[in-house]
file run-v1.cif (mmCIF, C-alpha atoms)
data_data
loop_
_atom_site.group_PDB
_atom_site.id
_atom_site.type_symbol
_atom_site.label_atom_id
_atom_site.label_comp_id
_atom_site.auth_asym_id
_atom_site.auth_seq_id
_atom_site.Cartn_x
_atom_site.Cartn_y
_atom_site.Cartn_z
ATOM 1 C CA GLU A 943 -52.938 13.182 46.304
ATOM 2 C CA ALA A 944 -53.928 16.003 43.958
ATOM 3 C CA GLN A 945 -54.794 14.516 40.608
ATOM 4 C CA VAL A 946 -56.919 14.376 37.505
ATOM 5 C CA THR A 947 -58.405 10.919 36.970
ATOM 6 C CA GLN A 948 -59.659 9.683 33.635
ATOM 7 C CA ASN A 949 -61.435 6.437 32.880
ATOM 8 C CA PRO A 950 -61.060 4.197 31.062
ATOM 9 C CA ARG A 951 -57.339 4.214 30.129
ATOM 10 C CA TYR A 952 -57.971 2.161 27.013
ATOM 11 C CA LEU A 953 -61.144 1.785 24.982
ATOM 12 C CA ILE A 954 -61.867 -0.033 21.743
ATOM 13 C CA THR A 955 -65.283 0.481 20.220
ATOM 14 C CA VAL A 956 -67.141 0.348 16.928
ATOM 15 C CA THR A 957 -68.430 3.148 14.759
ATOM 16 C CA GLY A 958 -71.664 4.649 16.031
ATOM 17 C CA LYS A 959 -71.672 3.174 19.529
ATOM 18 C CA LYS A 960 -72.054 5.988 22.051
ATOM 19 C CA LEU A 961 -69.358 6.242 24.688
ATOM 20 C CA THR A 962 -68.396 8.424 27.615
ATOM 21 C CA VAL A 963 -64.939 9.089 28.990
ATOM 22 C CA THR A 964 -65.055 10.291 32.575
ATOM 23 C CA CYS A 965 -62.800 12.892 34.133
ATOM 24 C CA SER A 966 -62.617 13.911 37.761
ATOM 25 C CA GLN A 967 -60.306 16.296 39.625
ATOM 26 C CA ASN A 968 -59.855 16.655 43.377
ATOM 27 C CA MET A 969 -58.166 20.072 43.428
ATOM 28 C CA ASN A 970 -61.294 22.239 43.444
ATOM 29 C CA HIS A 971 -60.230 23.696 40.102
ATOM 30 C CA GLU A 972 -62.563 26.066 38.276
ATOM 31 C CA TYR A 973 -61.266 25.344 34.789
ATOM 32 C CA MET A 974 -61.357 21.975 33.032
ATOM 33 C CA SER A 975 -60.593 21.020 29.463
ATOM 34 C CA TRP A 976 -60.373 18.116 27.052
ATOM 35 C CA TYR A 977 -57.597 17.618 24.503
ATOM 36 C CA ARG A 978 -56.796 15.101 21.864
ATOM 37 C CA GLN A 979 -53.234 14.267 20.950
ATOM 38 C CA ASP A 980 -52.358 12.961 17.502
ATOM 39 C CA PRO A 981 -48.931 12.329 15.942
ATOM 40 C CA GLY A 982 -47.662 15.406 14.159
ATOM 41 C CA LEU A 983 -50.573 17.537 15.357
ATOM 42 C CA GLY A 984 -49.774 17.882 19.029
ATOM 43 C CA LEU A 985 -52.388 18.703 21.645
ATOM 44 C CA ARG A 986 -55.607 20.196 20.353
ATOM 45 C CA GLN A 987 -58.364 21.474 22.567
ATOM 46 C CA ILE A 988 -61.807 19.910 22.139
ATOM 47 C CA TYR A 989 -63.947 21.622 24.774
ATOM 48 C CA TYR A 990 -63.372 23.552 27.941
ATOM 49 C CA SER A 991 -65.338 24.683 30.967
ATOM 50 C CA MET A 992 -64.725 27.818 32.972
ATOM 51 C CA ASN A 993 -67.000 26.690 35.794
ATOM 52 C CA VAL A 994 -70.075 24.615 36.597
ATOM 53 C CA GLU A 995 -72.664 24.750 33.822
ATOM 54 C CA VAL A 996 -70.318 26.831 31.632
ATOM 55 C CA THR A 997 -68.805 25.016 28.648
ATOM 56 C CA ASP A 998 -67.391 26.215 25.346
ATOM 57 C CA LYS A 999 -65.910 24.841 22.150
ATOM 58 C CA GLY A 1000 -62.203 24.527 21.629
ATOM 59 C CA ASP A 1001 -60.415 24.066 18.328
ATOM 60 C CA VAL A 1002 -61.831 20.657 17.359
ATOM 61 C CA PRO A 1003 -65.296 20.237 18.948
ATOM 62 C CA GLU A 1004 -67.079 18.407 16.094
ATOM 63 C CA GLY A 1005 -68.378 14.999 17.129
ATOM 64 C CA TYR A 1006 -67.960 15.608 20.856
ATOM 65 C CA LYS A 1007 -70.132 16.775 23.731
ATOM 66 C CA VAL A 1008 -69.299 17.662 27.315
ATOM 67 C CA SER A 1009 -71.144 18.537 30.473
ATOM 68 C CA ARG A 1010 -70.174 20.214 33.733
ATOM 69 C CA LYS A 1011 -72.877 19.543 36.283
ATOM 70 C CA GLU A 1012 -70.443 19.387 39.183
ATOM 71 C CA LYS A 1013 -67.172 21.206 39.709
ATOM 72 C CA ARG A 1014 -65.074 18.070 39.952
ATOM 73 C CA ASN A 1015 -66.413 16.145 36.933
ATOM 74 C CA PHE A 1016 -66.143 16.873 33.235
ATOM 75 C CA PRO A 1017 -67.152 13.888 31.082
ATOM 76 C CA LEU A 1018 -66.457 13.712 27.351
ATOM 77 C CA ILE A 1019 -69.254 12.169 25.285
ATOM 78 C CA LEU A 1020 -68.982 10.762 21.782
ATOM 79 C CA GLU A 1021 -72.572 10.252 20.629
ATOM 80 C CA SER A 1022 -71.634 8.448 17.404
ATOM 81 C CA PRO A 1023 -67.907 7.743 17.305
ATOM 82 C CA SER A 1024 -66.130 7.528 13.964
ATOM 83 C CA PRO A 1025 -62.687 6.147 13.064
ATOM 84 C CA ASN A 1026 -61.238 9.666 12.766
ATOM 85 C CA GLN A 1027 -61.831 10.047 16.498
ATOM 86 C CA THR A 1028 -59.269 7.358 17.197
ATOM 87 C CA SER A 1029 -56.797 9.260 19.328
ATOM 88 C CA LEU A 1030 -55.225 9.780 22.732
ATOM 89 C CA TYR A 1031 -57.438 11.960 24.907
ATOM 90 C CA PHE A 1032 -56.400 14.029 27.899
ATOM 91 C CA CYS A 1033 -58.482 15.780 30.486
ATOM 92 C CA ALA A 1034 -56.882 18.707 32.290
ATOM 93 C CA SER A 1035 -57.767 21.188 34.995
ATOM 94 C CA SER A 1036 -56.379 24.396 36.423
ATOM 95 C CA LEU A 1037 -57.227 26.847 39.133
ATOM 96 C CA GLU A 1038 -58.211 29.420 36.506
ATOM 97 C CA ARG A 1039 -57.825 29.853 32.777
ATOM 98 C CA VAL A 1040 -55.808 33.032 32.760
ATOM 99 C CA ALA A 1041 -52.360 32.197 34.099
ATOM 100 C CA SER A 1042 -52.142 28.952 35.984
ATOM 101 C CA PRO A 1043 -50.707 25.654 34.791
ATOM 102 C CA LEU A 1044 -52.913 22.866 33.526
ATOM 103 C CA HIS A 1045 -52.750 19.552 35.360
ATOM 104 C CA PHE A 1046 -53.329 16.580 33.088
ATOM 105 C CA GLY A 1047 -54.770 13.143 33.576
ATOM 106 C CA ASN A 1048 -52.905 10.104 32.273
ATOM 107 C CA GLY A 1049 -54.924 9.819 29.119
ATOM 108 C CA THR A 1050 -57.486 7.592 27.444
ATOM 109 C CA ARG A 1051 -56.431 5.786 24.309
ATOM 110 C CA LEU A 1052 -59.514 5.374 22.130
ATOM 111 C CA THR A 1053 -59.721 3.182 19.053
ATOM 112 C CA VAL A 1054 -62.828 3.326 16.875
ATOM 113 C CA THR A 1055 -63.108 0.562 14.284
ATOM 114 C CA GLY B 327 -53.418 33.198 15.915
ATOM 115 C CA GLU B 328 -50.519 31.729 17.810
ATOM 116 C CA SER B 329 -47.908 29.635 16.144
ATOM 117 C CA VAL B 330 -45.469 27.774 18.273
ATOM 118 C CA GLY B 331 -42.423 26.170 16.795
ATOM 119 C CA LEU B 332 -39.572 24.050 18.028
ATOM 120 C CA HIS B 333 -36.049 24.218 16.743
ATOM 121 C CA LEU B 334 -35.403 20.458 16.969
ATOM 122 C CA PRO B 335 -37.822 17.549 17.048
ATOM 123 C CA THR B 336 -35.261 15.278 18.765
ATOM 124 C CA LEU B 337 -32.347 15.882 21.076
ATOM 125 C CA SER B 338 -29.823 13.340 22.340
ATOM 126 C CA VAL B 339 -27.554 14.187 25.254
ATOM 127 C CA GLN B 340 -25.011 12.321 27.313
ATOM 128 C CA GLU B 341 -25.960 11.564 30.881
ATOM 129 C CA GLY B 342 -24.575 14.291 33.118
ATOM 130 C CA ASP B 343 -24.486 16.935 30.401
ATOM 131 C CA ASN B 344 -26.802 19.917 30.310
ATOM 132 C CA SER B 345 -29.789 19.914 27.929
ATOM 133 C CA ILE B 346 -31.286 22.903 26.201
ATOM 134 C CA ILE B 347 -34.697 22.670 24.553
ATOM 135 C CA ASN B 348 -35.891 25.625 22.536
ATOM 136 C CA CYS B 349 -39.225 27.070 21.550
ATOM 137 C CA ALA B 350 -40.024 29.966 19.213
ATOM 138 C CA TYR B 351 -43.324 31.819 19.184
ATOM 139 C CA SER B 352 -44.838 34.510 17.012
ATOM 140 C CA ASN B 353 -47.384 36.416 19.083
ATOM 141 C CA SER B 354 -45.752 39.342 20.858
ATOM 142 C CA ALA B 355 -48.803 39.515 23.179
ATOM 143 C CA SER B 356 -47.868 36.164 24.702
ATOM 144 C CA ASP B 357 -47.814 36.661 28.431
ATOM 145 C CA TYR B 358 -47.545 33.307 30.134
ATOM 146 C CA PHE B 359 -45.282 30.402 29.244
ATOM 147 C CA ILE B 360 -45.123 26.850 30.526
ATOM 148 C CA TRP B 361 -42.902 23.834 29.988
ATOM 149 C CA TYR B 362 -44.338 20.331 30.217
ATOM 150 C CA LYS B 363 -42.705 16.908 30.285
ATOM 151 C CA GLN B 364 -44.520 13.901 28.857
ATOM 152 C CA GLU B 365 -43.243 10.415 29.542
ATOM 153 C CA SER B 366 -44.425 7.432 27.567
ATOM 154 C CA GLY B 367 -47.910 6.361 28.603
ATOM 155 C CA LYS B 368 -48.500 9.398 30.794
ATOM 156 C CA GLY B 369 -50.085 12.799 30.556
ATOM 157 C CA PRO B 370 -48.065 16.002 30.267
ATOM 158 C CA GLN B 371 -46.540 16.973 33.591
ATOM 159 C CA PHE B 372 -45.988 20.611 34.575
ATOM 160 C CA ILE B 373 -42.296 21.493 34.982
ATOM 161 C CA ILE B 374 -41.997 25.245 35.282
ATOM 162 C CA ASP B 375 -43.707 28.428 34.166
ATOM 163 C CA ILE B 376 -42.740 32.038 33.622
ATOM 164 C CA ARG B 377 -44.576 35.300 33.109
ATOM 165 C CA SER B 378 -43.562 37.858 30.527
ATOM 166 C CA ASN B 379 -42.376 40.300 33.187
ATOM 167 C CA MET B 380 -39.477 37.941 33.911
ATOM 168 C CA ASP B 381 -36.653 36.695 31.701
ATOM 169 C CA LYS B 382 -35.403 33.835 33.849
ATOM 170 C CA ARG B 383 -36.804 31.461 36.402
ATOM 171 C CA GLN B 384 -35.127 28.548 38.115
ATOM 172 C CA GLY B 385 -36.451 25.341 39.585
ATOM 173 C CA GLN B 386 -34.805 22.181 40.717
ATOM 174 C CA ARG B 387 -32.240 21.391 37.971
ATOM 175 C CA VAL B 388 -34.329 23.343 35.457
ATOM 176 C CA THR B 389 -34.138 26.919 34.241
ATOM 177 C CA VAL B 390 -36.504 28.647 31.856
ATOM 178 C CA LEU B 391 -35.216 31.601 29.867
ATOM 179 C CA LEU B 392 -37.488 34.001 28.044
ATOM 180 C CA ASN B 393 -36.252 36.393 25.380
ATOM 181 C CA LYS B 394 -39.210 38.528 24.391
ATOM 182 C CA THR B 395 -37.184 40.511 21.885
ATOM 183 C CA VAL B 396 -36.684 37.525 19.619
ATOM 184 C CA LYS B 397 -39.739 35.628 20.911
ATOM 185 C CA HIS B 398 -37.757 32.682 22.146
ATOM 186 C CA LEU B 399 -38.207 30.415 25.135
ATOM 187 C CA SER B 400 -35.799 27.759 26.329
ATOM 188 C CA LEU B 401 -35.686 25.066 28.972
ATOM 189 C CA GLN B 402 -32.335 24.134 30.411
ATOM 190 C CA ILE B 403 -31.921 20.896 32.330
ATOM 191 C CA ALA B 404 -28.765 20.612 34.385
ATOM 192 C CA ALA B 405 -26.920 17.308 34.790
ATOM 193 C CA THR B 406 -29.369 15.408 32.595
ATOM 194 C CA GLN B 407 -30.362 12.017 33.936
ATOM 195 C CA PRO B 408 -31.938 8.955 32.256
ATOM 196 C CA GLY B 409 -35.212 9.820 33.992
ATOM 197 C CA ASP B 410 -35.287 13.065 32.024
ATOM 198 C CA SER B 411 -35.885 11.137 28.799
ATOM 199 C CA ALA B 412 -39.296 12.278 27.589
ATOM 200 C CA VAL B 413 -41.055 14.623 25.191
ATOM 201 C CA TYR B 414 -40.957 18.251 26.272
ATOM 202 C CA PHE B 415 -43.615 20.768 25.246
ATOM 203 C CA CYS B 416 -43.724 24.487 25.502
ATOM 204 C CA ALA B 417 -47.117 26.127 25.871
ATOM 205 C CA LEU B 418 -48.066 29.770 25.948
ATOM 206 C CA LYS B 419 -50.950 32.175 26.014
ATOM 207 C CA ASP B 420 -51.666 35.857 26.082
ATOM 208 C CA SER B 421 -53.143 37.759 29.012
ATOM 209 C CA GLY B 422 -56.706 37.479 27.772
ATOM 210 C CA ASN B 423 -59.270 34.725 28.057
ATOM 211 C CA THR B 424 -57.612 32.582 25.409
ATOM 212 C CA PRO B 425 -56.504 28.968 25.549
ATOM 213 C CA LEU B 426 -52.995 27.656 25.960
ATOM 214 C CA VAL B 427 -51.289 26.940 22.658
ATOM 215 C CA PHE B 428 -48.958 23.951 22.691
ATOM 216 C CA GLY B 429 -45.830 23.280 20.706
ATOM 217 C CA LYS B 430 -45.442 19.930 18.944
ATOM 218 C CA GLY B 431 -42.778 18.698 21.362
ATOM 219 C CA THR B 432 -39.095 17.784 21.429
ATOM 220 C CA ARG B 433 -38.053 14.257 22.277
ATOM 221 C CA LEU B 434 -35.100 14.215 24.670
ATOM 222 C CA SER B 435 -33.065 11.018 24.777
ATOM 223 C CA VAL B 436 -30.416 10.600 27.439
ATOM 224 C CA ILE B 437 -27.484 8.380 26.556
ATOM 225 C CA ALA B 438 -26.071 6.539 29.553
#
call {"tool": "encode", "arguments": {"input": "run-v1.cif", "output": "structure tokens"}}
result
Amino acid sequence: EAQVTQNPRYLITVTGKKLTVTCSQNMNHEYMSWYRQDPGLGLRQIYYSMNVEVTDKGDVPEGYKVSRKEKRNFPLILESPSPNQTSLYFCASSLERVASPLHFGNGTRLTVT
Amino acid sequence: GESVGLHLPTLSVQEGDNSIINCAYSNSASDYFIWYKQESGKGPQFIIDIRSNMDKRQGQRVTVLLNKTVKHLSLQIAATQPGDSAVYFCALKDSGNTPLVFGKGTRLSVIA
């Protein structure tokens, strides 16, 4: 089944403790992206990747890192999480960035205390 | 930059009726438009898309209408069912290498 898989689904951590949220897609998509979703603010892009070893900042990149060593994987790294990063995170992929629909994972709900 | 608005944050419809969800946008260079459905606890799910060279596109029980003159996009759901209850987002972008811009969403509630 074609899908975007994120792990974990739920994560509770403390301020400053490094964490990684994994994302994997099995559709051979070139483009991958991370979003956060907050009430009243909608979906905001954190980082995106046009292809392997090519990453770029989205609208809200501060406090996050990503890497794209392989086409299928696009992990999101929080080196020193803070409470304002408590949010619902979605990974997404598409065949290309220009005009193809994004396919989303089922989300990771992160709480930073 | 893009601004994407929604006419109604919530919409309640009777089961079996048709639903219409609207989206207004400001950038006349917008070229590609998508509707997503997000159910509770899940990620946004692609419903239907349309390019700016079209003004209507139909899927299974869904129709997207694009009026470029007034910069308005709508999603019509025929014979709305309880399983259609969700938040619906429009998203759009221009023809360049720019990201999708998402609307805030409309919550559709279907009354049985």
call {"tool": "residues_around", "arguments": {"input": "run-v1.cif", "residues": "B:Val427", "least_positions_apart": "4", "cutoff": "12 Å", "atoms": "all atoms listed in the file", "output": "CSV table (one decimal) with C-alpha atoms, in the frame of the given file"}}
result
chain,number,residue,atom,x,y,z
A,977,TYR,CA,-57.6,17.6,24.5
A,983,LEU,CA,-50.6,17.5,15.4
A,984,GLY,CA,-49.8,17.9,19.0
A,985,LEU,CA,-52.4,18.7,21.6
A,986,ARG,CA,-55.6,20.2,20.4
A,987,GLN,CA,-58.4,21.5,22.6
A,1000,GLY,CA,-62.2,24.5,21.6
A,1001,ASP,CA,-60.4,24.1,18.3
A,1044,LEU,CA,-52.9,22.9,33.5
B,327,GLY,CA,-53.4,33.2,15.9
B,328,GLU,CA,-50.5,31.7,17.8
B,329,SER,CA,-47.9,29.6,16.1
B,330,VAL,CA,-45.5,27.8,18.3
B,331,GLY,CA,-42.4,26.2,16.8
B,351,TYR,CA,-43.3,31.8,19.2
B,352,SER,CA,-44.8,34.5,17.0
B,353,ASN,CA,-47.4,36.4,19.1
B,356,SER,CA,-47.9,36.2,24.7
B,357,ASP,CA,-47.8,36.7,28.4
B,358,TYR,CA,-47.5,33.3,30.1
B,359,PHE,CA,-45.3,30.4,29.2
B,360,ILE,CA,-45.1,26.8,30.5
B,361,TRP,CA,-42.9,23.8,30.0
B,415,PHE,CA,-43.6,20.8,25.2
B,416,CYS,CA,-43.7,24.5,25.5
B,417,ALA,CA,-47.1,26.1,25.9
B,418,LEU,CA,-48.1,29.8,25.9
B,419,LYS,CA,-51.0,32.2,26.0
B,420,ASP,CA,-51.7,35.9,26.1
B,431,GLY,CA,-42.8,18.7,21.4
call {"tool": "closest_residue", "arguments": {"input": "run-v1.cif", "among": "A:Ala944, A:Met992, A:Leu953, A:Leu1030", "to": "A:Glu1012", "atoms": "all atoms listed in the file"}}
result
A:Met992
call {"tool": "interface_residues", "arguments": {"input": "run-v1.cif", "of": "chain A", "to": "chain B", "cutoff": "6 Å", "atoms": "all atoms listed in the file", "output": "compact mmCIF listing (two decimals) with C-alpha atoms, in the coordinates of the input"}}
result
# COMPACT_ATOMS: atom_id res chain seq x y z
CA GLY A 984 -49.77 17.88 19.03
CA PHE A 1046 -53.33 16.58 33.09
CA GLY A 1047 -54.77 13.14 33.58
CA ASN A 1048 -52.90 10.10 32.27
CA GLY A 1049 -54.92 9.82 29.12
call {"tool": "resolve_selection", "arguments": {"input": "run-v1.cif", "expression": "the PyMOL selection byres ((chain B and resi 394-406) around 8)", "output": "count of residues only"}}
result
30
call {"tool": "atom_distance", "arguments": {"input": "run-v1.cif", "atom1": "atom CA of A:Asp980", "atom2": "atom CA of A:Arg1010"}}
result
25.2 Å
call {"tool": "residues_near_point", "arguments": {"input": "run-v1.cif", "point": "(-57.5, 9.0, 33.4)", "cutoff": "8 Å", "atoms": "all atoms listed in the file", "output": "ChimeraX atom specification"}}
result
/A:946-951,964-965,1032-1033,1047-1050
call {"tool": "closest_residue", "arguments": {"input": "run-v1.cif", "among": "B:Lys363, B:Thr432, B:Gly385, B:Asn379", "to": "B:Gly409", "atoms": "all atoms listed in the file"}}
result
B:Lys363
call {"tool": "axis_aligned_box", "arguments": {"input": "run-v1.cif", "around": "stretch 969-977 of chain A", "padding_each_side": "4 Å", "output": "lines of an AutoDock Vina configuration file"}}
result
center_x = -60.1
center_y = 21.8
center_z = 34.0
size_x = 13.0
size_y = 16.4
size_z = 26.9
call {"tool": "closest_residue", "arguments": {"input": "run-v1.cif", "among": "A:Thr962, A:Thr957, A:Asn970, A:Ser975", "to": "A:Leu1018", "atoms": "all atoms listed in the file"}}
result
A:Thr962
call {"tool": "resolve_selection", "arguments": {"input": "run-v1.cif", "expression": "the PyMOL selection byres ((chain A and resi 1054) around 7)", "output": "list in words"}}
result
Ile954, Thr955, Val956, Thr957, Pro1023, Ser1024, Pro1025, Gln1027, Thr1028, Leu1052, Thr1053 and Thr1055 of chain A
call {"tool": "write_last_selection", "arguments": {"input": "run-v1.cif", "atoms": "C-alpha atoms", "output": "mmCIF file, keeping the file's coordinate frame"}}
result
data_model
loop_
_atom_site.group_PDB
_atom_site.id
_atom_site.type_symbol
_atom_site.label_atom_id
_atom_site.label_comp_id
_atom_site.auth_asym_id
_atom_site.auth_seq_id
_atom_site.Cartn_x
_atom_site.Cartn_y
_atom_site.Cartn_z
ATOM 1 C CA ILE A 954 -61.867 -0.033 21.743
ATOM 2 C CA THR A 955 -65.283 0.481 20.220
ATOM 3 C CA VAL A 956 -67.141 0.348 16.928
ATOM 4 C CA THR A 957 -68.430 3.148 14.759
ATOM 5 C CA PRO A 1023 -67.907 7.743 17.305
ATOM 6 C CA SER A 1024 -66.130 7.528 13.964
ATOM 7 C CA PRO A 1025 -62.687 6.147 13.064
ATOM 8 C CA GLN A 1027 -61.831 10.047 16.498
ATOM 9 C CA THR A 1028 -59.269 7.358 17.197
ATOM 10 C CA LEU A 1052 -59.514 5.374 22.130
ATOM 11 C CA THR A 1053 -59.721 3.182 19.053
ATOM 12 C CA THR A 1055 -63.108 0.562 14.284
#
call {"tool": "closest_residue", "arguments": {"input": "run-v1.cif", "among": "B:Ala438, B:Pro335, B:Ser411, B:Gln384", "to": "A:Gly982", "atoms": "all atoms listed in the file"}}
result
B:Pro335
call {"tool": "atom_distance", "arguments": {"input": "run-v1.cif", "atom1": "atom CA of A:Tyr973", "atom2": "atom CA of B:Gln386"}}
result
27.3 Å
call {"tool": "atom_distance", "arguments": {"input": "run-v1.cif", "atom1": "atom CA of B:Glu365", "atom2": "atom CA of B:Leu434"}}
result
10.2 Å
call {"tool": "closest_residue", "arguments": {"input": "run-v1.cif", "among": "A:Met969, A:Val994, A:Ala1041, A:Ile988", "to": "A:Lys1007", "atoms": "all atoms listed in the file"}}
result
A:Ile988
call {"tool": "resolve_selection", "arguments": {"input": "run-v1.cif", "expression": "the PyMOL selection byres ((chain A and resi 1005) around 8)", "output": "PyMOL selection string"}}
result
chain A and resi 1003-1004+1006-1007+1020-1023
call {"tool": "build_atoms", "arguments": {"input": "run-v1.cif", "residues": "stretch 392-410 of chain B", "atoms": "N, CA and C atoms", "output": "compact mmCIF listing (two decimals), keeping the file's coordinate frame"}}
result
# COMPACT_ATOMS: atom_id res chain seq x y z
N LEU B 392 -36.55 33.37 28.97
CA LEU B 392 -37.49 34.00 28.04
C LEU B 392 -36.83 35.22 27.43
N ASN B 393 -36.76 35.24 26.11
CA ASN B 393 -36.25 36.39 25.38
C ASN B 393 -37.39 36.95 24.54
N LYS B 394 -38.03 37.98 25.06
CA LYS B 394 -39.21 38.53 24.39
C LYS B 394 -38.83 39.28 23.12
N THR B 395 -37.62 39.75 23.06
CA THR B 395 -37.18 40.51 21.88
C THR B 395 -37.21 39.65 20.63
N VAL B 396 -36.71 38.43 20.77
CA VAL B 396 -36.68 37.52 19.62
C VAL B 396 -37.76 36.44 19.72
N LYS B 397 -38.63 36.57 20.72
CA LYS B 397 -39.74 35.63 20.91
C LYS B 397 -39.22 34.19 21.00
N HIS B 398 -38.41 33.97 21.99
CA HIS B 398 -37.76 32.68 22.15
C HIS B 398 -37.79 32.27 23.61
N LEU B 399 -38.10 31.01 23.80
CA LEU B 399 -38.21 30.42 25.14
C LEU B 399 -37.31 29.18 25.16
N SER B 400 -36.61 28.98 26.24
CA SER B 400 -35.80 27.76 26.33
C SER B 400 -35.91 27.13 27.71
N LEU B 401 -35.71 25.84 27.73
CA LEU B 401 -35.69 25.07 28.97
C LEU B 401 -34.30 24.45 29.09
N GLN B 402 -33.64 24.72 30.16
CA GLN B 402 -32.34 24.13 30.41
C GLN B 402 -32.45 23.13 31.54
N ILE B 403 -31.93 21.94 31.31
CA ILE B 403 -31.92 20.90 32.33
C ILE B 403 -30.47 20.63 32.69
N ALA B 404 -30.13 20.82 33.93
CA ALA B 404 -28.76 20.61 34.38
C ALA B 404 -28.53 19.14 34.73
N ALA B 405 -27.32 18.68 34.43
CA ALA B 405 -26.92 17.31 34.79
C ALA B 405 -27.99 16.30 34.40
N THR B 406 -28.27 16.23 33.11
CA THR B 406 -29.37 15.41 32.60
C THR B 406 -29.22 13.96 33.03
N GLN B 407 -30.34 13.39 33.43
CA GLN B 407 -30.36 12.02 33.94
C GLN B 407 -31.23 11.15 33.04
N PRO B 408 -31.08 9.83 33.08
CA PRO B 408 -31.94 8.96 32.26
C PRO B 408 -33.42 9.20 32.48
N GLY B 409 -33.81 9.54 33.70
CA GLY B 409 -35.21 9.82 33.99
C GLY B 409 -35.74 11.08 33.33
N ASP B 410 -34.87 11.87 32.75
CA ASP B 410 -35.29 13.06 32.02
C ASP B 410 -35.72 12.74 30.60
